[in-house]
Amino acid sequence: MTVVTTVSLRHLSGELIRQFAKELPTLQGTSVPRDSRAAVPKRQKRSIFVGFLRKDIYTSKDAAAWRYILKEMIANVQTETPKEMLDFLLPKDSPLLRKWMDKAVADGRPKSTASVGKTAADLEWQLHSAQLRETLGISVSSKIWTGKSSFKGWGLSLTDRVQDALDVTAANILSRKVKNTSAHLLNTVIDVSQSITRGTCTKQSGVHPCFTTSSELYSYREDRLILAIEMLAILGYPREMIIPEDFTNRQLKRLVGNTISLPCLGMMFWSFQVMRRRAFEAPAEMGGN
């Protein structure tokens, strides 16, 4: 299971976008498509990474070389088996797990809150749930996951909506006509902060959507909330990173939602430095000559 982190212009301020637009004529652009040699699951969108260099400092050959170096680095990384997302989670007997889980529970949200079904938001998720359940052929009262005697949902705010999201997602995965659906369910992580209609959970390809400042991730295998400190580890930050003692799990999660995967960022900067110090040009078909 890998994590895809994206940056969108809609997250930038209006002033920053206007400044960016003004500087576009002075920028030398290059794009790096996903390596075609890598196995890309069906229906998965191709990723395009875009970088800009200032025309008054760099040349088109510099841009071509940067693209070539970065593409080769990506191709090399893709030959390795990615580490599983769940491998970054803290061990069950870890004092750090207990410490941050206590912080998460103390964030202020109630452990269990019944949805009275009177607000527009309540009616909306209940309607979506009923439609999905009808499609899956299960009743509105079916609790295929949360009804298990072993279910705990440690650290989650177990509202009716959250429990419904866990049950509908589990039913959806188990209904697929593929092998090992039970194993796939246990390897799934779902963001219960999102509507079930968005399907914000681990895809069949093993890729998980990007983290946000409001993400509330649940692991079916661990039957618990994934903590912000674990999300940082998934993004490449060292476990030994010093975090202020008075930081809450919610505060740390805000940082997670506004950061980027360190390996991705490091690859961009490393390839850029190699480009600046290179003693070669990119192949002619990539604009090097």
# chains A, B, ... in the order shown; residues from 1 in each chain; ligands from 1

call {"tool": "select_by_dssp", "arguments": {"residues": "region 55-287 of chain A", "states": "strand (DSSP E or B)", "output": "list in words"}}
result
Trp154, Val189, Ile190, Asp191, Cys201, Val207, His208, Leu217, Tyr218, Ser219, Arg224 and Leu225 of chain A

call {"tool": "write_last_selection", "arguments": {"atoms": "N, CA and C atoms", "output": "PDB file, in the first residue's frame"}}
result
ATOM      1  N   TRP A 154     -10.910   1.482  18.431  1.00  0.00           N
ATOM      2  CA  TRP A 154     -10.151   2.249  19.421  1.00  0.00           C
ATOM      3  C   TRP A 154      -9.735   3.614  18.868  1.00  0.00           C
ATOM      4  N   VAL A 189      -7.424   0.892   4.649  1.00  0.00           N
ATOM      5  CA  VAL A 189      -7.512   2.029   5.572  1.00  0.00           C
ATOM      6  C   VAL A 189      -8.579   2.958   5.012  1.00  0.00           C
ATOM      7  N   ILE A 190      -9.513   3.369   5.847  1.00  0.00           N
ATOM      8  CA  ILE A 190     -10.603   4.238   5.413  1.00  0.00           C
ATOM      9  C   ILE A 190     -10.538   5.562   6.158  1.00  0.00           C
ATOM     10  N   ASP A 191     -10.830   6.636   5.447  1.00  0.00           N
ATOM     11  CA  ASP A 191     -10.912   7.962   6.062  1.00  0.00           C
ATOM     12  C   ASP A 191     -12.374   8.212   6.408  1.00  0.00           C
ATOM     13  N   CYS A 201     -10.813   5.474   0.647  1.00  0.00           N
ATOM     14  CA  CYS A 201     -10.158   4.360   1.331  1.00  0.00           C
ATOM     15  C   CYS A 201      -9.136   3.754   0.376  1.00  0.00           C
ATOM     16  N   VAL A 207      -3.142   1.784  -3.587  1.00  0.00           N
ATOM     17  CA  VAL A 207      -2.832   3.199  -3.368  1.00  0.00           C
ATOM     18  C   VAL A 207      -3.881   3.812  -2.447  1.00  0.00           C
ATOM     19  N   HIS A 208      -3.407   4.668  -1.530  1.00  0.00           N
ATOM     20  CA  HIS A 208      -4.329   5.352  -0.625  1.00  0.00           C
ATOM     21  C   HIS A 208      -4.362   6.837  -0.954  1.00  0.00           C
ATOM     22  N   LEU A 217      -8.285   8.420  10.004  1.00  0.00           N
ATOM     23  CA  LEU A 217      -8.023   7.140   9.356  1.00  0.00           C
ATOM     24  C   LEU A 217      -8.238   5.965  10.305  1.00  0.00           C
ATOM     25  N   TYR A 218      -8.876   4.936   9.769  1.00  0.00           N
ATOM     26  CA  TYR A 218      -9.137   3.715  10.540  1.00  0.00           C
ATOM     27  C   TYR A 218      -8.547   2.528   9.801  1.00  0.00           C
ATOM     28  N   SER A 219      -7.824   1.688  10.536  1.00  0.00           N
ATOM     29  CA  SER A 219      -7.254   0.467   9.975  1.00  0.00           C
ATOM     30  C   SER A 219      -8.127  -0.719  10.352  1.00  0.00           C
ATOM     31  N   ARG A 224      -8.381   0.194  14.810  1.00  0.00           N
ATOM     32  CA  ARG A 224      -8.169   1.421  15.586  1.00  0.00           C
ATOM     33  C   ARG A 224      -7.874   2.602  14.678  1.00  0.00           C
ATOM     34  N   LEU A 225      -7.874   3.767  15.311  1.00  0.00           N
ATOM     35  CA  LEU A 225      -7.500   5.007  14.646  1.00  0.00           C
ATOM     36  C   LEU A 225      -6.013   4.988  14.316  1.00  0.00           C
TER      37      LEU A 225
END

call {"tool": "residues_around", "arguments": {"residues": "Phe211 (chain A)", "least_positions_apart": "3", "cutoff": "12 Å", "atoms": "only C-alpha atoms", "output": "number ranges by chain"}}
result
A: 3-7, 189-191, 193-194, 200-202, 208, 214-217, 226-228, 230-232, 234-235, 253-261

call {"tool": "atom_distance", "arguments": {"atom1": "CA of Met85 (chain A)", "atom2": "CA of Ser150 (chain A)"}}
result
23.3 Å

call {"tool": "atom_distance", "arguments": {"atom1": "CA of Pro238 (chain A)", "atom2": "CA of Leu262 (chain A)"}}
result
10.1 Å

call {"tool": "residues_around", "arguments": {"residues": "Arg176 (chain A)", "least_positions_apart": "5", "cutoff": "12 Å", "atoms": "only C-alpha atoms", "output": "PyMOL selection string"}}
result
chain A and resi 136+169-171+181-182+184-185+204

call {"tool": "write_last_selection", "arguments": {"atoms": "N, CA and C atoms", "output": "PDB file, in the first residue's frame"}}
result
ATOM      1  N   LEU A 136     -25.719  -3.010  -2.694  1.00  0.00           N
ATOM      2  CA  LEU A 136     -24.922  -4.135  -2.201  1.00  0.00           C
ATOM      3  C   LEU A 136     -25.788  -5.313  -1.758  1.00  0.00           C
ATOM      4  N   THR A 169     -18.394   0.166   3.808  1.00  0.00           N
ATOM      5  CA  THR A 169     -17.118  -0.052   3.117  1.00  0.00           C
ATOM      6  C   THR A 169     -16.703  -1.514   3.192  1.00  0.00           C
ATOM      7  N   ALA A 170     -16.868  -2.123   4.364  1.00  0.00           N
ATOM      8  CA  ALA A 170     -16.531  -3.542   4.519  1.00  0.00           C
ATOM      9  C   ALA A 170     -17.392  -4.407   3.603  1.00  0.00           C
ATOM     10  N   ALA A 171     -18.687  -4.117   3.556  1.00  0.00           N
ATOM     11  CA  ALA A 171     -19.598  -4.882   2.701  1.00  0.00           C
ATOM     12  C   ALA A 171     -19.235  -4.719   1.233  1.00  0.00           C
ATOM     13  N   THR A 181     -10.766 -11.371  -0.739  1.00  0.00           N
ATOM     14  CA  THR A 181     -11.408 -10.117  -0.339  1.00  0.00           C
ATOM     15  C   THR A 181     -11.227  -9.851   1.159  1.00  0.00           C
ATOM     16  N   SER A 182     -11.192 -10.910   1.957  1.00  0.00           N
ATOM     17  CA  SER A 182     -11.007 -10.731   3.401  1.00  0.00           C
ATOM     18  C   SER A 182      -9.640 -10.133   3.697  1.00  0.00           C
ATOM     19  N   HIS A 184      -7.886  -8.339   1.625  1.00  0.00           N
ATOM     20  CA  HIS A 184      -7.894  -6.958   1.130  1.00  0.00           C
ATOM     21  C   HIS A 184      -8.570  -6.032   2.130  1.00  0.00           C
ATOM     22  N   LEU A 185      -9.638  -6.506   2.748  1.00  0.00           N
ATOM     23  CA  LEU A 185     -10.330  -5.689   3.745  1.00  0.00           C
ATOM     24  C   LEU A 185      -9.402  -5.366   4.910  1.00  0.00           C
ATOM     25  N   GLN A 204      -8.107  -0.764  -4.832  1.00  0.00           N
ATOM     26  CA  GLN A 204      -7.726  -2.132  -5.161  1.00  0.00           C
ATOM     27  C   GLN A 204      -6.277  -2.208  -5.630  1.00  0.00           C
TER      28      GLN A 204
END

call {"tool": "residues_around", "arguments": {"residues": "Ser142 (chain A)", "least_positions_apart": "6", "cutoff": "12 Å", "atoms": "only C-alpha atoms", "output": "list in words"}}
result
Ser129, Ala130, Arg133, Glu134, Leu136, Lys148, Gln163, Asp164, Ala165, Leu166, Asp167, Val168, Ala170 and Ala171 of chain A

call {"tool": "write_last_selection", "arguments": {"atoms": "C-alpha atoms", "output": "PDB file, in the first residue's frame"}}
result
ATOM      1  CA  SER A 129     -26.079   4.826   2.941  1.00  0.00           C
ATOM      2  CA  ALA A 130     -29.516   3.426   2.107  1.00  0.00           C
ATOM      3  CA  ARG A 133     -26.797  -0.735   0.919  1.00  0.00           C
ATOM      4  CA  GLU A 134     -29.567  -1.439  -1.578  1.00  0.00           C
ATOM      5  CA  LEU A 136     -24.922  -4.135  -2.201  1.00  0.00           C
ATOM      6  CA  LYS A 148     -18.709  -8.198  15.507  1.00  0.00           C
ATOM      7  CA  GLN A 163     -20.016   3.087  12.151  1.00  0.00           C
ATOM      8  CA  ASP A 164     -22.150   3.086   9.020  1.00  0.00           C
ATOM      9  CA  ALA A 165     -19.120   4.061   6.912  1.00  0.00           C
ATOM     10  CA  LEU A 166     -17.128   1.154   8.358  1.00  0.00           C
ATOM     11  CA  ASP A 167     -19.944  -1.322   7.677  1.00  0.00           C
ATOM     12  CA  VAL A 168     -20.783  -0.155   4.149  1.00  0.00           C
ATOM     13  CA  ALA A 170     -16.531  -3.542   4.519  1.00  0.00           C
ATOM     14  CA  ALA A 171     -19.598  -4.882   2.701  1.00  0.00           C
TER      15      ALA A 171
END

call {"tool": "residues_around", "arguments": {"residues": "Met73 (chain A)", "least_positions_apart": "6", "cutoff": "10 Å", "atoms": "only C-alpha atoms", "output": "list of chain:residue names"}}
result
A:Arg67, A:Met267, A:Met268, A:Trp270, A:Ser271

call {"tool": "write_last_selection", "arguments": {"atoms": "N, CA and C atoms", "output": "compact mmCIF listing (two decimals), in the first residue's frame"}}
result
# COMPACT_ATOMS: atom_id res chain seq x y z
N ARG A 67 14.27 16.66 -16.29
CA ARG A 67 13.21 15.69 -16.59
C ARG A 67 13.79 14.29 -16.75
N MET A 267 13.40 13.53 -3.76
CA MET A 267 13.73 13.13 -5.12
C MET A 267 13.75 14.32 -6.07
N MET A 268 12.79 15.24 -5.88
CA MET A 268 12.75 16.43 -6.72
C MET A 268 14.00 17.28 -6.52
N TRP A 270 16.93 16.37 -5.14
CA TRP A 270 18.16 15.65 -5.47
C TRP A 270 18.39 15.65 -6.98
N SER A 271 17.33 15.37 -7.74
CA SER A 271 17.47 15.37 -9.20
C SER A 271 17.82 16.76 -9.71

call {"tool": "residues_around", "arguments": {"residues": "Asp107 (chain A)", "least_positions_apart": "5", "cutoff": "10 Å", "atoms": "only C-alpha atoms", "output": "ChimeraX atom specification"}}
result
/A:101-102,248-251

call {"tool": "write_last_selection", "arguments": {"atoms": "C-alpha atoms", "output": "tab-separated table (two decimals), in the first residue's frame"}}
result
chain	number	residue	atom	x	y	z
A	101	MET	CA	-3.95	7.49	21.55
A	102	ASP	CA	-4.75	9.15	24.87
A	248	THR	CA	-2.37	17.38	20.60
A	249	ASN	CA	-3.06	14.69	18.02
A	250	ARG	CA	-5.37	17.13	16.23
A	251	GLN	CA	-2.70	19.84	16.04

call {"tool": "closest_residue", "arguments": {"among": "A:Ala64, A:Val178, A:Ala106, A:Leu96", "to": "Asn289 (chain A)", "atoms": "only C-alpha atoms"}}
result
A:Ala64

call {"tool": "closest_residue", "arguments": {"among": "A:Ala233, A:Ile69, A:Leu132, A:Ile173", "to": "Ser195 (chain A)", "atoms": "only C-alpha atoms"}}
result
A:Leu132

call {"tool": "atom_distance", "arguments": {"atom1": "CA of Pro244 (chain A)", "atom2": "CA of Thr212 (chain A)"}}
result
21.1 Å

call {"tool": "select_by_dssp", "arguments": {"residues": "region 47-280 of chain A", "states": "alpha helix (DSSP H)", "output": "MDAnalysis selection string"}}
result
chainID A and resid 60:77 95:105 120:136 160:174 181:186 228:234 249:257 262:276

call {"tool": "closest_residue", "arguments": {"among": "A:Arg221, A:Arg98, A:Lys92, A:Lys83", "to": "Gly236 (chain A)", "atoms": "only C-alpha atoms"}}
result
A:Lys83
